[in-house]
Structure formats: structure tokens, C-alpha cells
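Scroll down for the structure; my scribbles are underneath it.
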Amino acid sequence: MSYQVLARKYRPQRFEEVVGQRHVTQTLQNALEQKRLHHAYLFCGARGIGKTTVARILAKALNCEKGVVREPCDQCGPCREILEGKSLDVQEIDGASNTGVDDVRQIREQTKYMPASGRYKIYIIDEVHMLSTAAFNALLKTLEEPPPHVIFIFATTEAGKIPVTILSRCQRYDFRRIPVAELTASLEEVAKSEQIDCASDVLHLIAHEAQGSLRDAQSLFDQAIAFAGKKIRYENLKEMLGFLDKTQLFTLIGAILKKDRQAALEQLNLFYQAGSDLNRLAQELLLSFRHLFLAKSLGRVPDWLDLPKEEAGKWEALSGEAGLETFDQLYNIAYRGAEETARASYPKMVLEVLIVRMTLVSEVVPINQILEKLEGLPAAAPSPAASVPGKPERQAASTSPLEKTWDQFVEWLLKEKPQMASIVQNGRLSAFKGNQIALAFDKDSIYGDMLKEEDRKKIFSELLKKFFGREMTLELSSPEAGTDQTKAAKQEKEKASRHAALTHESVKEAANILGAVVEEVRTKQ
């Protein structure tokens with residue numbers, strides 16, 4: 001007897017044998033038991049997860065000699081004929097190679113006739129989304145008015161390509177990718193039946209590589225048996241499929257997180273010398289930083305990643321090496337690197353630059369932490385700074401409570417009486433003591449004269465009283481024209497003030513925290 005591949009040999013023949021699709025099989029079983037049958041079913045989902053298998057089991061359950069039952073008997077004539085692909089009443093059609101309208105018209109003609117021996121004439125159309133628009137239109141008439149003895153079962157990996165007119169006439173079932181744990185358990189049963197000596201971690205790796213597809217998992221297991229024989233170990237899989245050594249991968253990730261560029265690049269070279277697939281290495285780096293990002297953000301590796309317990313523990317330990325923002329940056333670099341490596345003529349060069357970039361990533365400090373540090377800095381010593389070009393000089397704000405109150409008054413005045421505030425801002429506070437306020441304006445300034453007008457002066461006094469809550473006396477003055485000597489002295493004083501501001505410990509500490517450079521010193525306007 002010729003050899004039969006594992007994917008066919010261990011193909012489920014009953015609903016209870018289907019792996020990972022309980023939400024579908026239970027619904028179908030209940031519908032069969034209650035005789036709540038639909039004329040068209042649509043099975044959607046990725047490849048190799050059981051769509052066509054369930055369609056065949058459903059066909060057997062519908063035409064079984066024991067009646068429409070929850071489980072086919074697999075012993076009667078109709079069940080055996082469907083199992084062997086010889087049934088005249090169950091036709092499997094490949095939608096990818098029978099896409100034309102003539103193919104569908106032929107099906108429509110056949111639906112007029114009663115089943116040869118079974119209860120229903122059943123059409124299983126795989127990859128139904130490949131049908132042409134004209135073919136779908138031809139099929140639509142049959143779905144609108146189906147003969148009572150005809151049932152359609154459509155299967156597709158791309159439900160989005162099926163016209164809504166067809167979708168609305170089908171009972172839809174979405175098949176899910178099979179979890180790694182269930183795939184591993186299924187492979188363990190196969191290994192036991194085939195008498196294969198295979199460790200559970202090896203089966204887990206095969207299941208993980210299959211990406212939710214039972215058929216792919218069984219095919220990979222079949223390949224591993226052909227490669228290694230009856231005893232399969234991790235090294236065999238590594239050699240056969242190009243798996244990366246996890247220990248070396250953890251070493252590489254650890255070196256990157258410690259910013260040990262030399263060690264990281266040496267580890268990359270070891271992968272290269274061993275003949276590892278560098279494109280796969282780039283993908284593993286991307287997956288690694290995804291694991292670390294999730295572990296850091298959630299506090300643990302989520303169960304739905306389906307990682308072995310030991311491996312999950314290592315990712316959780318490594319997640320403590322950096323902050324969430326750093327892992328976010330590393331993931332983004334790895335994502336771009338994986339794309340560049342996939343299309344690169346010289347992937348090793350791309351990976352070398354990628355690793356260097358990763359070791360250059362610096363820890364991101366959240367803005368709230370920066371603000372907290374700034375708030376804790378000592379206050380700057382009161383000193384005037386250089387005036388803003390084109391603006392009248394005004395005494396710089398210091399830590400004095402009275403002068404701070406004056407600044408608050410000016411800010412309040414900007415909202416309460418903007419026109420009055422624009423006049424006041426062109427002067428400078430020369431004295432503030434008790435109820436006495438003195439403002440000085442340049443000799444030729446029109447703003448001082450404006451404030452001396454009785455109406456404005458009265459309004460300004462009322463505003464002072466409103467803000468400070470008491471009567472205030474305002475004195476206005478203008479300085480005498482300065483000599484060249486006094487101007488030089490003033491410039492020297494401004495230069496000294498500027499130097500004092502730039503060299504103040506608070507300013508230097510703030511610049512250090514923010515990574516900034518002070519480019520300008522000016523008064524508060």
C-alpha cells in the first residue's frame with residue numbers, strides 16, 4: 001500500500017475530531033439535530049484550518065443512511081462514498097479553476113435533477129471568491145430560489161471578495177486560527193500513533209511555525225520525520241527549517257539592551273557564519289521586541305502569544321532592562337529593518353546598521369518627570385536681563401512676592417483692559433512699596449503722557465483698587481537723558497546680568513535635563 005501523508009491520514013472524519021473549531025462544529029451539530037438546515041453555507045478563514053474538512057463531514061451528516069444526524073456513521077454506503085470521493089450526490093468544485101459563467105451554468109442545470117441515491121445534492125465550492133462577476137450573477141438566481149434537495153457549501157480564504165448579494169443569502173461561519181497549544185496536543189497524538197520519539201518542545205516549535213494551520217503543522221511534522229527519522233530533536237528542526245538558536249538570540253537581544261555594540265555585532269557575525277537565514281533573523285528581532293514591548297506594557301507575557309513557559313520567563317526578565325518608550329523605539333527600528341532586509345541585496349550590512357541604531361537608542365524621559373525636576377530646581381537670583389530689541393526696558397521679574405504680584409496684575413490687566421495693559425507694558429516698575437507704585441517711562445515716550453491724562457489715570461486707579469483690593473497711589477516719572485558714560489555703564493550692567501543668567505546653576509541644570517542650548521536671554525513681556 002502506498003504511503004499516505006499525515007495531513008490526509010489523520011484528517012478528521014467526525015465533528016468531534018475537528019481541532020480548534022468548536023464554535024462551528026457545535027452550531028452545525030445542533031442545527032442538524034433540530035433539522036434547521038440552510039440551503040447555502042459559507043465557511044471563511046485561513047488555509048489549513050478545517051473548512052473543507054468540515055464541509056465533507058457536514059455532507060456525510062446530511063446524507064447518512066441513519067438520517068440527518070449530529071455525527072455521520074462513516075459505515076453506510078453514502079458515508080463511505082463521500083469519504084472516498086466517489087459520491088454522485090456530493091461534488092467538490094475548485095473555484096480557482098472553474099471561474100467562468102459556463103461552469104456555473106452547468107451547475108445550475110444539474111440542480112434540476114434529484115439526487116442519485118442520497119438525501120441531498122450537495123455542492124462544495126472551494127475558493128469561491130475566485131469566481132468571476134458573471135459567474136456570481138449566474139449563481140445568484142439559484143441561491144434566490146434554491147431547489148429543496150440542493151445545498152451549497154462555499155469555502156473561502158477571502159470573504160471580502162465575495163459580492164454582498166451572495167453573502168446575504170448564505171449562513172456564514174468564520175473559522176479561527178488554531179491555538180498553538182491545541183496544535184501541539186494534536187501533534188502529540190499523531191506522534192504517539194506513529195511511534196515517533198519527539199519532545200514536546202519540538203512539537204511546540206512545529207506548531208508555532210504552522211501559524212494556526214493544522215494542515216501546515218502536520219506537513220511540517222511529516223517533513224521532520226522524513227529528515228530525522230523516528231527520533232526528532234531540536235537540532236534536527238534547526239537544521240531542516242533554519243530555526244535560530246534561541247540562546248544566541250537572547251544573547252543578541254541582551255547585548256542590544258546593554259548597548260554593548262561590540263558583543264551584539266559579534267553575535268550577528270556568528271549567525272552569519274553559521275549560515276542562518278538573515279531575513280529570518282530580522283523577523284525574529286521584530287518578534288522579540290514585540291514580545292518585550294507587550295511584556296513591559298502588561299507586566300507579563302500575555303497567554304495569547306502561546307510561548308513556552310521558560311521562554312516567556314526570559315522575555316519577562318529582559319523586559320526589565322529598559323522602559324516602555326525605549327522598547328517602542330526599538331520595535332519601530334526593528335520593523336523598518338525587517339522590511340529593508342527583505343528586499344536588500346546585502347542583508348548582513350543592513351542588519352549591522354540596524355543593530356548599531358538600536359544600541360544608540362537612549363531612554364526617553366516622560367515630560368511629566370522633566371517638569372517635576374524643573375519644579376524642584378532652586379529659584380534663580382533676581383537680576384535684570386538684556387532688553388528685547390525694539391521694546392522699552394522693564395524690570396525683570398524676580399522671586400520677590402511684591403514684584404510677582406505686579407506681574408500678576410499686568411497679566412490680569414491684559415485680559416481685563418488690553419488697551420490699558422499696552423500702555424503700562426511700555427513702562428517699567430521702579431518702585432512698589434505698600435500702597436505706592438512708581439512707573440517710569442522714557443523721556444520722549446507718549447505712553448507716560450497718555451497715563452497722565454485725568455480720565456485714564458482715574459480708570460487705572462480703579463483697576464489697581466479692583467485687583468489689589470485697596471487704594472493705590474500711582475507716581476509717574478521719566479529719566480533724564482543719559483550721558484555716554486551712563487549708557488556704557490548700563491550696557492556693562494546688562495552684559496553682567498546676561499552672564500549671571502547663563503551661568504546660574506538653575507539654568508544649567510534645566511538645560512542639562514532638557515538637553516537644550518540657551519540661545520537668547522530676554523525680559524518677560
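Here, A, B, ... name the chains of the C-alpha cells in the order displayed, residue numbers run from 1 inside each chain, and ligands are numbered from 1 in the same displayed order.
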Next on the checklist: I need the residues in range 33-131 of chain A that are strand (DSSP E) according to DSSP; give them as a PyMOL selection string.
Outcome noted: chain A and resi 40-44+90-94+121-126
Residues just named, written with C-alpha atoms as a PDB file, in the first residue's frame:
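Generated file (part-v9.pdb):
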```pdb
ATOM      1  CA  ALA A  40     -26.212  27.713   1.490  1.00  0.00           C
ATOM      2  CA  TYR A  41     -23.299  27.742   3.964  1.00  0.00           C
ATOM      3  CA  LEU A  42     -20.201  29.938   3.760  1.00  0.00           C
ATOM      4  CA  PHE A  43     -17.034  28.801   5.581  1.00  0.00           C
ATOM      5  CA  CYS A  44     -14.431  31.581   5.916  1.00  0.00           C
ATOM      6  CA  VAL A  90     -21.614  15.385  -3.476  1.00  0.00           C
ATOM      7  CA  GLN A  91     -19.480  17.339  -5.911  1.00  0.00           C
ATOM      8  CA  GLU A  92     -16.336  19.230  -4.895  1.00  0.00           C
ATOM      9  CA  ILE A  93     -15.526  22.084  -7.255  1.00  0.00           C
ATOM     10  CA  ASP A  94     -12.362  24.165  -7.303  1.00  0.00           C
ATOM     11  CA  LYS A 121     -27.417  17.027  -3.867  1.00  0.00           C
ATOM     12  CA  ILE A 122     -24.517  18.921  -2.279  1.00  0.00           C
ATOM     13  CA  TYR A 123     -22.040  21.259  -3.995  1.00  0.00           C
ATOM     14  CA  ILE A 124     -18.821  22.101  -2.147  1.00  0.00           C
ATOM     15  CA  ILE A 125     -17.134  25.025  -3.934  1.00  0.00           C
ATOM     16  CA  ASP A 126     -13.636  25.764  -2.599  1.00  0.00           C
TER      17      ASP A 126
END
```
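For Glu352 in chain A, the residues within 9 Å (counting only C-alpha atoms, excluding itself and residues fewer than 5 positions away along the chain) are Leu265, Leu268, Pro347 and Arg357 of chain A.
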Take the residues just selected and output them with N, CA and C atoms as a compact mmCIF listing (two decimals), in the first residue's frame.
```txt
# COMPACT_ATOMS: atom_id res chain seq x y z
N LEU A 265 27.32 42.92 17.57
CA LEU A 265 27.78 42.71 16.20
C LEU A 265 28.53 41.38 16.07
N LEU A 268 25.88 38.76 15.73
CA LEU A 268 25.36 38.77 14.36
C LEU A 268 26.29 38.01 13.43
N PRO A 347 21.95 41.77 2.96
CA PRO A 347 21.21 41.81 4.23
C PRO A 347 22.10 41.94 5.46
N ARG A 357 22.06 51.14 15.23
CA ARG A 357 20.98 52.09 15.54
C ARG A 357 20.30 51.73 16.85
```
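For the atom pair formed by CA of Val68 in chain A and CA of His23 in chain A, the distance is 19.9 Å, given to one decimal.
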Checklist entry - Nearest to Ala226 in chain A: which of A:Ser345, A:Gly313, A:Leu281, A:Val5 is it, counting only C-alpha atoms? => result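 Looking only at the distances to Ala226 in chain A, the closest residue turns out to be A:Val5.
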Item to check | Within 8 Å of Val104 in chain A using only C-alpha atoms, minus same-chain residues under 4 positions, as a ChimeraX atom specification | outcome: /A:100,108,135,138-139
Can you write out the residues you just picked, keeping N, CA and C atoms, as a PDB file, in the first residue's frame?
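Wrote out.pdb, looks like this:
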```pdb
ATOM      1  N   GLY A 100     -15.530  30.538 -14.685  1.00  0.00           N
ATOM      2  CA  GLY A 100     -16.378  31.150 -15.706  1.00  0.00           C
ATOM      3  C   GLY A 100     -17.869  30.957 -15.499  1.00  0.00           C
ATOM      4  N   ARG A 108     -26.040  24.910 -12.461  1.00  0.00           N
ATOM      5  CA  ARG A 108     -27.474  25.243 -12.404  1.00  0.00           C
ATOM      6  C   ARG A 108     -28.317  24.198 -13.120  1.00  0.00           C
ATOM      7  N   ALA A 135     -20.074  34.844 -13.201  1.00  0.00           N
ATOM      8  CA  ALA A 135     -20.378  33.542 -12.590  1.00  0.00           C
ATOM      9  C   ALA A 135     -21.186  33.730 -11.311  1.00  0.00           C
ATOM     10  N   ALA A 138     -24.687  34.485 -12.209  1.00  0.00           N
ATOM     11  CA  ALA A 138     -25.394  33.286 -12.658  1.00  0.00           C
ATOM     12  C   ALA A 138     -25.783  32.405 -11.478  1.00  0.00           C
ATOM     13  N   LEU A 139     -24.927  32.397 -10.440  1.00  0.00           N
ATOM     14  CA  LEU A 139     -25.189  31.590  -9.244  1.00  0.00           C
ATOM     15  C   LEU A 139     -26.282  32.211  -8.378  1.00  0.00           C
TER      16      LEU A 139
END
```
Next on the checklist: List as a VMD selection string the protein and nucleic acid residues near Gly254 in chain A, meaning an atom at most 9 Å away when only C-alpha atoms are counted, but skip any in the same chain fewer than 5 places from it.
Outcome noted: chain A and resid 249 259 to 260 264 318 321
Emit the selected residues as a CSV table (one decimal), in the first residue's frame, including N, CA and C atoms.
```
chain,number,residue,atom,x,y,z
A,249,LEU,N,19.9,34.1,20.3
A,249,LEU,CA,19.0,35.2,20.1
A,249,LEU,C,18.9,36.0,21.4
A,259,LYS,N,23.5,48.0,25.4
A,259,LYS,CA,24.3,48.9,24.5
A,259,LYS,C,25.7,48.4,24.2
A,260,ASP,N,25.9,47.1,24.3
A,260,ASP,CA,27.2,46.5,24.1
A,260,ASP,C,27.3,46.3,22.6
A,264,ALA,N,27.1,42.7,20.4
A,264,ALA,CA,25.9,42.5,19.5
A,264,ALA,C,26.3,42.2,18.1
A,318,LEU,N,14.0,40.1,30.6
A,318,LEU,CA,14.7,41.1,29.7
A,318,LEU,C,13.9,42.4,29.6
A,321,GLU,N,15.0,45.5,31.5
A,321,GLU,CA,16.3,46.1,31.2
A,321,GLU,C,16.1,47.6,30.6
```
Tell me which protein, DNA and RNA residues are within 10 Å of Tyr331 in chain A, counting only C-alpha atoms, leaving out same-chain ones fewer than 5 positions away, and put them as a CSV table (one decimal) with C-alpha atoms, in the first residue's frame.
```csv
chain,number,residue,atom,x,y,z
A,285,LEU,CA,14.3,40.6,16.1
A,286,LEU,CA,11.0,42.2,15.2
A,287,LEU,CA,9.1,39.4,17.1
A,288,SER,CA,11.5,39.7,20.1
A,289,PHE,CA,10.9,43.4,20.6
A,290,ARG,CA,7.2,42.9,20.1
A,291,HIS,CA,7.3,40.3,23.0
A,292,LEU,CA,9.4,42.8,25.1
A,293,PHE,CA,7.0,45.7,24.4
A,325,GLU,CA,9.2,54.1,25.5
A,326,THR,CA,12.6,52.5,24.7
A,336,ARG,CA,11.8,49.1,9.4
A,337,GLY,CA,14.9,46.9,9.5
A,358,MET,CA,19.4,50.0,18.3
```
Checklist entry - If you measure from CA of Gln29 in chain A to CA of Phe152 in chain A, what distance in Å do you get, rounded to one decimal? => result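 Straight-line distance from CA of Gln29 in chain A to CA of Phe152 in chain A works out to 17.2 Å.
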Item to check | Contacts of Ala224 in chain A at 10 Å (only C-alpha atoms; same-chain gap of 2+ positions) as an MDAnalysis selection string | outcome: chainID A and resid 206 218:222 226:233 236:237 240:241
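Atom pair CA of Arg176 in chain A / CA of Ser213 in chain A: separated by 9.5 Å.
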Next on the checklist: Neighbouring residues of Leu62 in chain A were defined as those with any atom within 10 Å, considering only C-alpha atoms; residues of the same chain fewer than 4 positions away were excluded. Please report them as a ChimeraX atom specification.
Outcome noted: /A:32,35,37,56-58,66-72,78-79,118-122,151
Restricting the output to C-alpha atoms, write the selected residues as a compact mmCIF listing (two decimals), in the first residue's frame.
```txt
# COMPACT_ATOMS: atom_id res chain seq x y z
CA LEU A 32 -28.59 19.03 12.23
CA LYS A 35 -33.36 19.91 11.38
CA LEU A 37 -30.94 23.37 7.68
CA ARG A 56 -17.24 16.99 3.93
CA ILE A 57 -18.32 15.96 7.42
CA LEU A 58 -21.46 18.09 7.04
CA LYS A 66 -29.18 6.85 9.63
CA GLY A 67 -30.78 10.17 8.83
CA VAL A 68 -29.73 13.78 9.35
CA VAL A 69 -27.66 13.23 12.49
CA ARG A 70 -25.16 15.03 14.76
CA GLU A 71 -22.39 12.72 13.65
CA PRO A 72 -22.11 10.64 10.44
CA PRO A 78 -23.30 7.28 1.31
CA CYS A 79 -20.75 7.99 4.07
CA GLY A 118 -28.68 10.35 -1.18
CA ARG A 119 -30.99 12.79 0.56
CA TYR A 120 -29.44 15.97 -0.86
CA LYS A 121 -27.42 17.03 -3.87
CA ILE A 122 -24.52 18.92 -2.28
CA ILE A 151 -27.36 22.52 -0.57
```
Item to check | Those of range 90-307 of chain A in DSSP helix (DSSP H, G or I), formatted as a ChimeraX atom specification | outcome: /A:101-110,128-130,133-144,159-161,164-167,180-194,200-209,214-228,234-241,246-257,261-273,278-298,303-305
